[in-house]
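Structure below is protein37.txt: compact mmCIF, N, CA and C atoms.
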# COMPACT_ATOMS: atom_id res chain seq x y z
N MET U 528 39.05 -0.04 -70.19
CA MET U 528 38.12 0.83 -69.51
C MET U 528 38.68 2.25 -69.50
N ASN U 529 37.81 3.20 -69.67
CA ASN U 529 38.19 4.60 -69.59
C ASN U 529 38.24 4.99 -68.11
N LEU U 530 39.41 5.39 -67.64
CA LEU U 530 39.55 5.73 -66.23
C LEU U 530 38.73 6.95 -65.82
N GLN U 531 38.27 7.72 -66.79
CA GLN U 531 37.40 8.85 -66.46
C GLN U 531 36.04 8.35 -65.94
N GLN U 532 35.70 7.09 -66.19
CA GLN U 532 34.47 6.51 -65.65
C GLN U 532 34.64 6.15 -64.18
N VAL U 533 35.86 5.94 -63.75
CA VAL U 533 36.15 5.55 -62.36
C VAL U 533 36.43 6.78 -61.50
N PHE U 534 37.19 7.72 -62.07
CA PHE U 534 37.60 8.91 -61.33
C PHE U 534 36.87 10.12 -61.89
N SER U 535 35.84 10.58 -61.20
CA SER U 535 35.12 11.77 -61.64
C SER U 535 35.92 13.01 -61.27
N LYS U 536 35.59 14.12 -61.89
CA LYS U 536 36.27 15.38 -61.55
C LYS U 536 36.12 15.70 -60.06
N GLN U 537 34.95 15.37 -59.51
CA GLN U 537 34.69 15.67 -58.11
C GLN U 537 35.53 14.82 -57.15
N SER U 538 36.09 13.72 -57.65
CA SER U 538 36.88 12.85 -56.77
C SER U 538 38.38 13.01 -57.00
N ILE U 539 38.77 14.14 -57.55
CA ILE U 539 40.19 14.43 -57.77
C ILE U 539 40.61 15.55 -56.82
N ILE U 540 41.70 15.31 -56.10
CA ILE U 540 42.23 16.29 -55.15
C ILE U 540 43.63 16.68 -55.64
N PRO U 541 43.75 17.83 -56.31
CA PRO U 541 45.03 18.21 -56.89
C PRO U 541 46.08 18.68 -55.88
N ASP U 542 45.65 18.93 -54.62
CA ASP U 542 46.59 19.37 -53.60
C ASP U 542 46.15 18.80 -52.25
N LEU U 543 46.56 17.57 -51.99
CA LEU U 543 46.19 16.89 -50.75
C LEU U 543 46.70 17.65 -49.53
N GLU U 544 45.91 17.64 -48.48
CA GLU U 544 46.33 18.25 -47.22
C GLU U 544 47.02 17.24 -46.32
N SER U 545 46.71 15.97 -46.46
CA SER U 545 47.21 14.91 -45.58
C SER U 545 48.72 14.78 -45.66
N THR U 546 49.29 14.36 -44.52
CA THR U 546 50.73 14.08 -44.49
C THR U 546 51.02 12.65 -44.04
N GLU U 547 49.99 11.95 -43.54
CA GLU U 547 50.13 10.57 -43.09
C GLU U 547 49.03 9.70 -43.70
N LYS U 548 49.30 8.41 -43.76
CA LYS U 548 48.41 7.47 -44.43
C LYS U 548 46.98 7.49 -43.89
N GLU U 549 46.81 7.47 -42.58
CA GLU U 549 45.46 7.42 -42.01
C GLU U 549 44.66 8.66 -42.39
N GLU U 550 45.31 9.83 -42.30
CA GLU U 550 44.65 11.08 -42.73
C GLU U 550 44.29 11.02 -44.20
N LEU U 551 45.20 10.49 -44.97
CA LEU U 551 45.00 10.37 -46.42
C LEU U 551 43.76 9.54 -46.73
N PHE U 552 43.62 8.39 -46.07
CA PHE U 552 42.46 7.54 -46.31
C PHE U 552 41.17 8.30 -46.01
N GLU U 553 41.15 9.05 -44.90
CA GLU U 553 39.96 9.84 -44.53
C GLU U 553 39.66 10.90 -45.59
N GLU U 554 40.70 11.64 -45.98
CA GLU U 554 40.52 12.74 -46.93
C GLU U 554 40.03 12.23 -48.29
N MET U 555 40.64 11.18 -48.79
CA MET U 555 40.26 10.68 -50.11
C MET U 555 38.92 9.95 -50.08
N LEU U 556 38.67 9.22 -49.02
CA LEU U 556 37.39 8.52 -48.93
C LEU U 556 36.23 9.52 -48.90
N GLN U 557 36.45 10.66 -48.28
CA GLN U 557 35.37 11.66 -48.22
C GLN U 557 34.93 12.10 -49.62
N VAL U 558 35.87 12.32 -50.53
CA VAL U 558 35.45 12.74 -51.88
C VAL U 558 34.75 11.61 -52.63
N ILE U 559 35.13 10.37 -52.33
CA ILE U 559 34.44 9.24 -52.94
C ILE U 559 33.00 9.16 -52.42
N VAL U 560 32.83 9.31 -51.12
CA VAL U 560 31.49 9.26 -50.51
C VAL U 560 30.65 10.45 -51.01
N ASN U 561 31.28 11.58 -51.25
CA ASN U 561 30.53 12.72 -51.79
C ASN U 561 29.95 12.40 -53.17
N VAL U 562 30.65 11.57 -53.92
CA VAL U 562 30.18 11.18 -55.26
C VAL U 562 29.18 10.04 -55.17
N GLN U 563 29.45 9.08 -54.28
CA GLN U 563 28.57 7.91 -54.15
C GLN U 563 28.16 7.77 -52.68
N SER U 564 27.09 8.45 -52.32
CA SER U 564 26.71 8.59 -50.91
C SER U 564 26.22 7.30 -50.26
N ASP U 565 25.94 6.25 -51.03
CA ASP U 565 25.50 4.98 -50.45
C ASP U 565 26.64 4.21 -49.79
N ILE U 566 27.87 4.60 -50.04
CA ILE U 566 29.02 3.88 -49.49
C ILE U 566 29.03 4.01 -47.98
N ASN U 567 29.20 2.89 -47.31
CA ASN U 567 29.34 2.88 -45.87
C ASN U 567 30.78 3.29 -45.56
N ARG U 568 30.94 4.50 -45.06
CA ARG U 568 32.26 5.09 -44.84
C ARG U 568 33.12 4.26 -43.88
N GLU U 569 32.52 3.83 -42.77
CA GLU U 569 33.28 3.06 -41.78
C GLU U 569 33.71 1.69 -42.34
N GLU U 570 32.82 1.07 -43.09
CA GLU U 570 33.15 -0.21 -43.72
C GLU U 570 34.31 -0.02 -44.70
N ALA U 571 34.27 1.05 -45.47
CA ALA U 571 35.32 1.31 -46.45
C ALA U 571 36.65 1.60 -45.75
N LEU U 572 36.64 2.44 -44.71
CA LEU U 572 37.88 2.72 -43.97
C LEU U 572 38.48 1.46 -43.38
N SER U 573 37.63 0.63 -42.82
CA SER U 573 38.09 -0.62 -42.23
C SER U 573 38.69 -1.54 -43.29
N ALA U 574 38.01 -1.64 -44.43
CA ALA U 574 38.49 -2.52 -45.51
C ALA U 574 39.81 -2.00 -46.09
N LEU U 575 39.94 -0.69 -46.23
CA LEU U 575 41.20 -0.12 -46.73
C LEU U 575 42.34 -0.41 -45.76
N SER U 576 42.10 -0.21 -44.48
CA SER U 576 43.13 -0.46 -43.46
C SER U 576 43.50 -1.93 -43.40
N GLU U 577 42.49 -2.79 -43.49
CA GLU U 577 42.73 -4.24 -43.46
C GLU U 577 43.57 -4.67 -44.66
N ARG U 578 43.24 -4.15 -45.82
CA ARG U 578 44.01 -4.49 -47.03
C ARG U 578 45.44 -3.98 -46.91
N GLU U 579 45.60 -2.80 -46.38
CA GLU U 579 46.92 -2.20 -46.24
C GLU U 579 47.78 -2.96 -45.22
N ALA U 580 47.13 -3.53 -44.20
CA ALA U 580 47.86 -4.29 -43.18
C ALA U 580 48.47 -5.57 -43.76
N LYS U 581 47.87 -6.10 -44.81
CA LYS U 581 48.40 -7.31 -45.46
C LYS U 581 49.71 -7.02 -46.17
N MET U 582 49.74 -5.89 -46.89
CA MET U 582 50.93 -5.45 -47.61
C MET U 582 50.69 -4.03 -48.09
N THR U 583 51.70 -3.22 -48.00
CA THR U 583 51.55 -1.84 -48.43
C THR U 583 51.15 -1.77 -49.91
N THR U 584 50.34 -0.77 -50.23
CA THR U 584 49.98 -0.54 -51.62
C THR U 584 50.85 0.57 -52.22
N GLY U 585 51.88 0.94 -51.48
CA GLY U 585 52.86 1.89 -51.99
C GLY U 585 54.02 1.12 -52.60
N ILE U 586 53.77 0.47 -53.73
CA ILE U 586 54.77 -0.43 -54.31
C ILE U 586 55.53 0.16 -55.48
N ILE U 587 55.06 1.29 -56.00
CA ILE U 587 55.73 1.97 -57.10
C ILE U 587 56.33 3.25 -56.51
N PRO U 588 57.56 3.59 -56.81
CA PRO U 588 58.13 4.82 -56.25
C PRO U 588 57.22 6.03 -56.48
N SER U 589 56.91 6.71 -55.39
CA SER U 589 56.13 7.94 -55.38
C SER U 589 54.63 7.73 -55.59
N VAL U 590 54.19 6.47 -55.72
CA VAL U 590 52.78 6.19 -56.02
C VAL U 590 52.22 5.15 -55.05
N ALA U 591 50.97 5.35 -54.64
CA ALA U 591 50.25 4.35 -53.86
C ALA U 591 48.89 4.12 -54.51
N VAL U 592 48.43 2.88 -54.43
CA VAL U 592 47.13 2.52 -54.98
C VAL U 592 46.34 1.75 -53.92
N PRO U 593 45.89 2.46 -52.87
CA PRO U 593 45.07 1.78 -51.86
C PRO U 593 43.75 1.35 -52.48
N HIS U 594 43.34 0.13 -52.16
CA HIS U 594 42.11 -0.37 -52.75
C HIS U 594 41.47 -1.39 -51.83
N CYS U 595 40.17 -1.55 -51.98
CA CYS U 595 39.44 -2.54 -51.19
C CYS U 595 38.15 -2.88 -51.91
N ARG U 596 37.49 -3.90 -51.37
CA ARG U 596 36.19 -4.31 -51.91
C ARG U 596 35.19 -4.33 -50.77
N ILE U 597 34.04 -3.71 -51.01
CA ILE U 597 32.96 -3.68 -50.02
C ILE U 597 31.63 -3.85 -50.75
N ASP U 598 30.58 -4.11 -49.98
CA ASP U 598 29.26 -4.36 -50.57
C ASP U 598 28.48 -3.10 -50.91
N THR U 599 28.79 -1.98 -50.26
CA THR U 599 27.92 -0.80 -50.39
C THR U 599 28.28 0.13 -51.54
N VAL U 600 29.27 -0.22 -52.33
CA VAL U 600 29.63 0.62 -53.47
C VAL U 600 29.00 0.04 -54.74
N ARG U 601 28.56 0.92 -55.63
CA ARG U 601 28.03 0.48 -56.92
C ARG U 601 29.19 0.40 -57.91
N GLY U 602 29.48 -0.79 -58.42
CA GLY U 602 30.57 -0.95 -59.38
C GLY U 602 31.91 -0.65 -58.76
N VAL U 603 32.54 0.41 -59.25
CA VAL U 603 33.83 0.84 -58.71
C VAL U 603 33.82 2.36 -58.61
N ALA U 604 34.39 2.86 -57.52
CA ALA U 604 34.52 4.30 -57.31
C ALA U 604 35.96 4.59 -56.94
N GLY U 605 36.45 5.71 -57.40
CA GLY U 605 37.85 6.02 -57.12
C GLY U 605 38.08 7.49 -56.87
N ALA U 606 39.26 7.76 -56.32
CA ALA U 606 39.72 9.13 -56.09
C ALA U 606 41.20 9.19 -56.44
N ILE U 607 41.63 10.34 -56.91
CA ILE U 607 43.03 10.59 -57.19
C ILE U 607 43.47 11.77 -56.34
N GLY U 608 44.61 11.63 -55.69
CA GLY U 608 45.16 12.72 -54.90
C GLY U 608 46.61 12.97 -55.26
N ILE U 609 46.99 14.23 -55.25
CA ILE U 609 48.37 14.63 -55.54
C ILE U 609 48.88 15.43 -54.35
N SER U 610 50.07 15.08 -53.88
CA SER U 610 50.68 15.78 -52.76
C SER U 610 52.05 16.30 -53.18
N LYS U 611 52.22 17.59 -53.14
CA LYS U 611 53.53 18.18 -53.47
C LYS U 611 54.54 17.87 -52.36
N ARG U 612 54.08 17.88 -51.09
CA ARG U 612 54.96 17.64 -49.95
C ARG U 612 55.32 16.18 -49.78
N GLY U 613 54.41 15.31 -50.15
CA GLY U 613 54.60 13.88 -49.94
C GLY U 613 53.90 13.41 -48.68
N ILE U 614 53.54 12.13 -48.68
CA ILE U 614 52.80 11.53 -47.58
C ILE U 614 53.59 10.33 -47.07
N GLU U 615 53.81 10.28 -45.75
CA GLU U 615 54.46 9.11 -45.16
C GLU U 615 53.50 7.94 -45.32
N TYR U 616 53.96 6.89 -46.00
CA TYR U 616 53.03 5.84 -46.41
C TYR U 616 53.52 4.43 -46.09
N ASP U 617 54.70 4.27 -45.54
CA ASP U 617 55.27 2.93 -45.34
C ASP U 617 55.41 2.20 -46.67
N SER U 618 55.80 2.93 -47.69
CA SER U 618 55.95 2.33 -49.01
C SER U 618 57.18 1.43 -49.05
N LEU U 619 57.23 0.57 -50.06
CA LEU U 619 58.33 -0.39 -50.15
C LEU U 619 59.69 0.28 -50.21
N ASP U 620 59.78 1.44 -50.87
CA ASP U 620 61.08 2.12 -50.96
C ASP U 620 61.35 3.02 -49.76
N GLY U 621 60.40 3.09 -48.82
CA GLY U 621 60.58 3.88 -47.61
C GLY U 621 60.43 5.38 -47.81
N LYS U 622 60.09 5.79 -49.00
CA LYS U 622 59.97 7.22 -49.30
C LYS U 622 58.50 7.64 -49.34
N PRO U 623 58.24 8.93 -49.17
CA PRO U 623 56.86 9.41 -49.24
C PRO U 623 56.26 9.20 -50.63
N VAL U 624 54.93 9.13 -50.67
CA VAL U 624 54.24 9.05 -51.95
C VAL U 624 53.68 10.43 -52.30
N HIS U 625 53.56 10.68 -53.59
CA HIS U 625 53.05 11.96 -54.07
C HIS U 625 51.78 11.80 -54.90
N PHE U 626 51.54 10.61 -55.40
CA PHE U 626 50.37 10.35 -56.24
C PHE U 626 49.61 9.16 -55.67
N VAL U 627 48.31 9.33 -55.44
CA VAL U 627 47.51 8.27 -54.82
C VAL U 627 46.27 8.03 -55.67
N PHE U 628 46.07 6.77 -56.01
CA PHE U 628 44.89 6.33 -56.75
C PHE U 628 44.13 5.39 -55.82
N MET U 629 43.04 5.86 -55.23
CA MET U 629 42.25 5.03 -54.31
C MET U 629 41.07 4.43 -55.06
N LEU U 630 40.87 3.13 -54.85
CA LEU U 630 39.77 2.41 -55.49
C LEU U 630 38.93 1.67 -54.45
N ILE U 631 37.63 1.78 -54.61
CA ILE U 631 36.71 0.99 -53.80
C ILE U 631 35.79 0.29 -54.78
N CYS U 632 35.80 -1.02 -54.73
CA CYS U 632 35.05 -1.82 -55.69
C CYS U 632 34.04 -2.70 -54.97
N ASN U 633 32.95 -2.99 -55.64
CA ASN U 633 31.95 -3.88 -55.08
C ASN U 633 32.54 -5.27 -54.91
N SER U 634 32.20 -5.92 -53.83
CA SER U 634 32.72 -7.25 -53.50
C SER U 634 32.46 -8.28 -54.57
N LEU U 635 31.41 -8.10 -55.35
CA LEU U 635 31.04 -9.07 -56.38
C LEU U 635 31.65 -8.77 -57.74
N GLU U 636 32.43 -7.70 -57.82
CA GLU U 636 32.98 -7.25 -59.11
C GLU U 636 34.48 -7.53 -59.24
N ASP U 637 34.88 -8.78 -59.06
CA ASP U 637 36.30 -9.13 -59.14
C ASP U 637 36.93 -8.75 -60.47
N ALA U 638 36.27 -9.05 -61.56
CA ALA U 638 36.84 -8.77 -62.89
C ALA U 638 37.00 -7.27 -63.10
N LEU U 639 36.03 -6.49 -62.69
CA LEU U 639 36.10 -5.05 -62.82
C LEU U 639 37.24 -4.48 -61.98
N HIS U 640 37.35 -4.97 -60.76
CA HIS U 640 38.42 -4.54 -59.85
C HIS U 640 39.79 -4.77 -60.50
N LEU U 641 40.00 -5.94 -61.03
CA LEU U 641 41.28 -6.27 -61.67
C LEU U 641 41.51 -5.46 -62.94
N GLU U 642 40.45 -5.23 -63.70
CA GLU U 642 40.58 -4.45 -64.93
C GLU U 642 41.03 -3.01 -64.64
N VAL U 643 40.44 -2.41 -63.62
CA VAL U 643 40.81 -1.03 -63.27
C VAL U 643 42.24 -0.98 -62.74
N LEU U 644 42.61 -1.94 -61.90
CA LEU U 644 44.00 -1.98 -61.40
C LEU U 644 44.98 -2.13 -62.56
N LYS U 645 44.63 -2.97 -63.54
CA LYS U 645 45.48 -3.16 -64.71
C LYS U 645 45.61 -1.87 -65.51
N ASP U 646 44.50 -1.19 -65.71
CA ASP U 646 44.54 0.05 -66.49
C ASP U 646 45.36 1.14 -65.80
N ILE U 647 45.26 1.21 -64.49
CA ILE U 647 46.09 2.16 -63.74
C ILE U 647 47.55 1.78 -63.89
N SER U 648 47.87 0.50 -63.77
CA SER U 648 49.25 0.03 -63.90
C SER U 648 49.83 0.38 -65.27
N LEU U 649 49.04 0.19 -66.30
CA LEU U 649 49.52 0.51 -67.65
C LEU U 649 49.86 1.99 -67.78
N LYS U 650 49.03 2.86 -67.21
CA LYS U 650 49.34 4.30 -67.25
C LYS U 650 50.62 4.58 -66.47
N LEU U 651 50.74 3.96 -65.29
CA LEU U 651 51.88 4.25 -64.42
C LEU U 651 53.20 3.72 -64.98
N GLU U 652 53.14 2.74 -65.85
CA GLU U 652 54.36 2.20 -66.47
C GLU U 652 55.02 3.22 -67.39
N ASN U 653 54.26 4.18 -67.85
CA ASN U 653 54.80 5.18 -68.76
C ASN U 653 55.26 6.40 -67.96
N PRO U 654 56.57 6.68 -67.93
CA PRO U 654 57.08 7.81 -67.15
C PRO U 654 56.48 9.15 -67.59
N LEU U 655 56.05 9.24 -68.83
CA LEU U 655 55.43 10.47 -69.32
C LEU U 655 54.12 10.76 -68.59
N PHE U 656 53.40 9.71 -68.22
CA PHE U 656 52.14 9.90 -67.50
C PHE U 656 52.39 10.56 -66.14
N LEU U 657 53.32 10.01 -65.36
CA LEU U 657 53.60 10.59 -64.05
C LEU U 657 54.17 12.00 -64.17
N GLN U 658 55.01 12.22 -65.15
CA GLN U 658 55.55 13.56 -65.36
C GLN U 658 54.41 14.53 -65.66
N SER U 659 53.50 14.13 -66.53
CA SER U 659 52.36 14.97 -66.88
C SER U 659 51.46 15.19 -65.67
N LEU U 660 51.26 14.13 -64.87
CA LEU U 660 50.43 14.24 -63.68
C LEU U 660 51.03 15.24 -62.68
N SER U 661 52.35 15.23 -62.56
CA SER U 661 53.01 16.14 -61.63
C SER U 661 52.86 17.61 -62.06
N GLU U 662 52.57 17.83 -63.31
CA GLU U 662 52.40 19.19 -63.83
C GLU U 662 50.95 19.68 -63.77
N CYS U 663 50.03 18.79 -63.41
CA CYS U 663 48.62 19.16 -63.33
C CYS U 663 48.39 20.09 -62.14
N LYS U 664 47.60 21.11 -62.37
CA LYS U 664 47.30 22.10 -61.32
C LYS U 664 45.85 22.02 -60.83
N THR U 665 44.96 21.53 -61.69
CA THR U 665 43.53 21.54 -61.36
C THR U 665 42.91 20.16 -61.56
N ARG U 666 41.71 20.01 -61.04
CA ARG U 666 40.94 18.78 -61.26
C ARG U 666 40.75 18.52 -62.74
N ASP U 667 40.44 19.58 -63.47
CA ASP U 667 40.23 19.44 -64.91
C ASP U 667 41.48 18.93 -65.60
N ASP U 668 42.64 19.43 -65.19
CA ASP U 668 43.90 18.97 -65.79
C ASP U 668 44.08 17.47 -65.59
N VAL U 669 43.85 17.01 -64.36
CA VAL U 669 44.02 15.58 -64.05
C VAL U 669 43.00 14.76 -64.82
N TYR U 670 41.75 15.20 -64.80
CA TYR U 670 40.68 14.48 -65.49
C TYR U 670 40.98 14.35 -66.99
N ASP U 671 41.40 15.44 -67.60
CA ASP U 671 41.75 15.41 -69.03
C ASP U 671 42.91 14.46 -69.30
N LEU U 672 43.89 14.45 -68.41
CA LEU U 672 45.04 13.57 -68.57
C LEU U 672 44.63 12.09 -68.55
N LEU U 673 43.64 11.76 -67.72
CA LEU U 673 43.15 10.38 -67.65
C LEU U 673 42.61 9.90 -68.99
N GLY U 674 42.08 10.81 -69.76
CA GLY U 674 41.49 10.45 -71.04
C GLY U 674 42.49 10.29 -72.17
N LYS U 675 43.74 10.67 -71.92
CA LYS U 675 44.76 10.59 -72.98
C LYS U 675 45.38 9.20 -73.01
N SER U 676 45.78 8.80 -74.19
CA SER U 676 46.45 7.51 -74.37
C SER U 676 47.95 7.67 -74.17
N PHE U 677 48.54 6.75 -73.43
CA PHE U 677 49.99 6.77 -73.19
C PHE U 677 50.63 5.47 -73.66
N TYR U 678 49.96 4.75 -74.53
CA TYR U 678 50.48 3.44 -74.97
C TYR U 678 51.21 3.58 -76.28
Show me this structure written as structure tokens.
Amino acid sequence: MNLQQVFSKQSIIPDLESTEKEELFEEMLQVIVNVQSDINREEALSALSEREAKMTTGIIPSVAVPHCRIDTVRGVAGAIGISKRGIEYDSLDGKPVHFVFMLICNSLEDALHLEVLKDISLKLENPLFLQSLSECKTRDDVYDLLGKSFY
């Protein structure tokens, strides 16, 4: 899957304002709702928090991939956020995260949800991708980077 289909330019935040996880969820969810207005914001926030309570999604150093499944989203919607300062996230390594890939998928789209998570993982496995992402200054830079192959 082309990740540019999941992350639109409008859902990319090249300079996050948030410093804590709860703020982050609010900030990133807002850009997703701006793109797909049918999403029930409260349902999505609750589902993200519930998923996070099971186990942190900050499992890769400097990266978090909060995700959930709800009924009010069409297919899958996502947002990407970059924080120069870092966000306290309760990640496995105990360090702040700087790159966040948020996904909200329809409850009936298990295969799509897993496919997108796999595609994000493949990009993140390549250190060149994160290095390039850290150098992005604009939404366009991030969006263009998503379209490049790192395999």
*asked:* Rounded to one decimal, what separation in Å do you get between atom N of Ser538 of chain U and atom CA of Cys632 of chain U?
replied: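 Calculated distance between atom N of Ser538 of chain U and atom CA of Cys632 of chain U is 15.7 Å.
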If we count only C-alpha atoms and set the cut-off at 6 Å, which residues sit around segment 580-592 of chain U, ignoring sequence neighbours fewer than 3 positions away in its own chain? Please answer as a short mmCIF file (atom, residue, chain, number, x, y, z; two decimals) with N, CA and C atoms, in the frame of the given file.
data_model
loop_
_atom_site.label_atom_id
_atom_site.label_comp_id
_atom_site.auth_asym_id
_atom_site.auth_seq_id
_atom_site.Cartn_x
_atom_site.Cartn_y
_atom_site.Cartn_z
N GLU U 577 42.49 -2.79 -43.49
CA GLU U 577 42.73 -4.24 -43.46
C GLU U 577 43.57 -4.67 -44.66
N SER U 618 55.80 2.93 -47.69
CA SER U 618 55.95 2.33 -49.01
C SER U 618 57.18 1.43 -49.05
N LEU U 619 57.23 0.57 -50.06
CA LEU U 619 58.33 -0.39 -50.15
C LEU U 619 59.69 0.28 -50.21
N VAL U 624 54.93 9.13 -50.67
CA VAL U 624 54.24 9.05 -51.95
C VAL U 624 53.68 10.43 -52.30
N HIS U 625 53.56 10.68 -53.59
CA HIS U 625 53.05 11.96 -54.07
C HIS U 625 51.78 11.80 -54.90
N PHE U 626 51.54 10.61 -55.40
CA PHE U 626 50.37 10.35 -56.24
C PHE U 626 49.61 9.16 -55.67
N VAL U 627 48.31 9.33 -55.44
CA VAL U 627 47.51 8.27 -54.82
C VAL U 627 46.27 8.03 -55.67
N PHE U 628 46.07 6.77 -56.01
CA PHE U 628 44.89 6.33 -56.75
C PHE U 628 44.13 5.39 -55.82
N MET U 629 43.04 5.86 -55.23
CA MET U 629 42.25 5.03 -54.31
C MET U 629 41.07 4.43 -55.06
#
Residues of segment 562-635 of chain U in helix (DSSP H, G or I), written as a PDB file with N, CA and C atoms, in the coordinates of the input:
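Output saved as states00.pdb:
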ATOM      1  N   VAL U 562      30.650  11.570 -53.920  1.00  0.00           N
ATOM      2  CA  VAL U 562      30.180  11.180 -55.260  1.00  0.00           C
ATOM      3  C   VAL U 562      29.180  10.040 -55.170  1.00  0.00           C
ATOM      4  N   ARG U 568      30.940   4.500 -45.060  1.00  0.00           N
ATOM      5  CA  ARG U 568      32.260   5.090 -44.840  1.00  0.00           C
ATOM      6  C   ARG U 568      33.120   4.260 -43.880  1.00  0.00           C
ATOM      7  N   GLU U 569      32.520   3.830 -42.770  1.00  0.00           N
ATOM      8  CA  GLU U 569      33.280   3.060 -41.780  1.00  0.00           C
ATOM      9  C   GLU U 569      33.710   1.690 -42.340  1.00  0.00           C
ATOM     10  N   GLU U 570      32.820   1.070 -43.090  1.00  0.00           N
ATOM     11  CA  GLU U 570      33.150  -0.210 -43.720  1.00  0.00           C
ATOM     12  C   GLU U 570      34.310  -0.020 -44.700  1.00  0.00           C
ATOM     13  N   ALA U 571      34.270   1.050 -45.470  1.00  0.00           N
ATOM     14  CA  ALA U 571      35.320   1.310 -46.450  1.00  0.00           C
ATOM     15  C   ALA U 571      36.650   1.600 -45.750  1.00  0.00           C
ATOM     16  N   LEU U 572      36.640   2.440 -44.710  1.00  0.00           N
ATOM     17  CA  LEU U 572      37.880   2.720 -43.970  1.00  0.00           C
ATOM     18  C   LEU U 572      38.480   1.460 -43.380  1.00  0.00           C
ATOM     19  N   SER U 573      37.630   0.630 -42.820  1.00  0.00           N
ATOM     20  CA  SER U 573      38.090  -0.620 -42.230  1.00  0.00           C
ATOM     21  C   SER U 573      38.690  -1.540 -43.290  1.00  0.00           C
ATOM     22  N   ALA U 574      38.010  -1.640 -44.430  1.00  0.00           N
ATOM     23  CA  ALA U 574      38.490  -2.520 -45.510  1.00  0.00           C
ATOM     24  C   ALA U 574      39.810  -2.000 -46.090  1.00  0.00           C
ATOM     25  N   LEU U 575      39.940  -0.690 -46.230  1.00  0.00           N
ATOM     26  CA  LEU U 575      41.200  -0.120 -46.730  1.00  0.00           C
ATOM     27  C   LEU U 575      42.340  -0.410 -45.760  1.00  0.00           C
ATOM     28  N   SER U 576      42.100  -0.210 -44.480  1.00  0.00           N
ATOM     29  CA  SER U 576      43.130  -0.460 -43.460  1.00  0.00           C
ATOM     30  C   SER U 576      43.500  -1.930 -43.400  1.00  0.00           C
ATOM     31  N   GLU U 577      42.490  -2.790 -43.490  1.00  0.00           N
ATOM     32  CA  GLU U 577      42.730  -4.240 -43.460  1.00  0.00           C
ATOM     33  C   GLU U 577      43.570  -4.670 -44.660  1.00  0.00           C
ATOM     34  N   ARG U 578      43.240  -4.150 -45.820  1.00  0.00           N
ATOM     35  CA  ARG U 578      44.010  -4.490 -47.030  1.00  0.00           C
ATOM     36  C   ARG U 578      45.440  -3.980 -46.910  1.00  0.00           C
ATOM     37  N   GLU U 579      45.600  -2.800 -46.380  1.00  0.00           N
ATOM     38  CA  GLU U 579      46.920  -2.200 -46.240  1.00  0.00           C
ATOM     39  C   GLU U 579      47.780  -2.960 -45.220  1.00  0.00           C
ATOM     40  N   ALA U 580      47.130  -3.530 -44.200  1.00  0.00           N
ATOM     41  CA  ALA U 580      47.860  -4.290 -43.180  1.00  0.00           C
ATOM     42  C   ALA U 580      48.470  -5.570 -43.760  1.00  0.00           C
ATOM     43  N   LYS U 581      47.870  -6.100 -44.810  1.00  0.00           N
ATOM     44  CA  LYS U 581      48.400  -7.310 -45.460  1.00  0.00           C
ATOM     45  C   LYS U 581      49.710  -7.020 -46.170  1.00  0.00           C
TER      46      LYS U 581
END
What box, with edges along x, y and z, holds each listed atom of segment 549-560 of chain U when 6 Å is added on every side, and can you state its centre and edge lengths in Å to one decimal, as JSON?
{"center_x": 38.7, "center_y": 10.1, "center_z": -47.5, "size_x": 28.2, "size_y": 17.3, "size_z": 22.9}
*Find the spatial neighbours of Phe534 of chain U, counting only N, CA and C atoms, within a cut-off of 7 Å - ignore same-chain residues fewer than 3 positions away - and output them as a list of chain:residue names.*
U:Asn529, U:Leu530, U:Gln531, U:Gln537, U:Ser538, U:Ile539, U:Ala604, U:Gly605, U:Ala606, U:Ile607, U:Tyr670
_Residue among U:Ser634, U:Glu569, U:Glu642, U:Gly613 lying closest to Cys595 of chain U, counting all atoms listed in the file_ = U:Ser634
*When you draw a straight line from atom CA of Ser659 of chain U to atom CA of Leu672 of chain U, how long is it in Å?*
7.6 Å
*Straight-line distance linking atom C of Leu575 of chain U with atom CA of Pro593 of chain U, stated in Å to one decimal*: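 Distance reported for this atom pair: 7.0 Å.
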*Excluding same-chain residues fewer than 4 positions from Arg596 of chain U, what lies within 8 Å of it counting all atoms listed in the file, as a list of chain:residue names?*
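Returned residues: U:Glu570, U:Ala571, U:Ala574, U:Leu575, U:Arg578, U:Val600, U:Leu630, U:Ile631, U:Cys632, U:Asn633, U:Ser634, U:Leu635, U:Glu636.
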*Quick one: pick out all strand (DSSP E) residues within segment 593-629 of chain U from a backbone DSSP run and write them as a ChimeraX atom specification.*
/U:594-597,603-614,624-629
*With only C-alpha atoms as the atoms that count, which of U:Glu662, U:Glu579, U:Asp668, U:Asp620 lies nearest to His594 of chain U?*
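Closest candidate: U:Glu579.
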*asked:* Let me make sure I understand: among U:Leu651, U:Gln563, U:Glu615, U:Asp671, which one has the smallest atom-to-atom distance to Glu549 of chain U if we use all atoms listed in the file?
replied: U:Glu615
*With a distance cut-off of 7 Å and all atoms listed in the file, select the neighbouring residues of Asp542 of chain U, excluding the residue or stretch itself and same-chain residues fewer than 5 positions from it, and output the selection as a VMD selection string.*
chain U and resid 608 to 611 664
*Closest to Ser661 of chain U among U:Leu572, U:Asp646, U:Pro541, U:Gly602, using only C-alpha atoms?*
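Among the listed residues, the smallest separation from Ser661 of chain U belongs to U:Pro541.
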*Which residue, U:Arg568, U:His640, U:Lys675, U:Lys622, has the smallest gap to Met555 of chain U when you use only C-alpha atoms?*
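Of U:Arg568, U:His640, U:Lys675, U:Lys622, the one nearest Met555 of chain U is U:Arg568, counting only C-alpha atoms.
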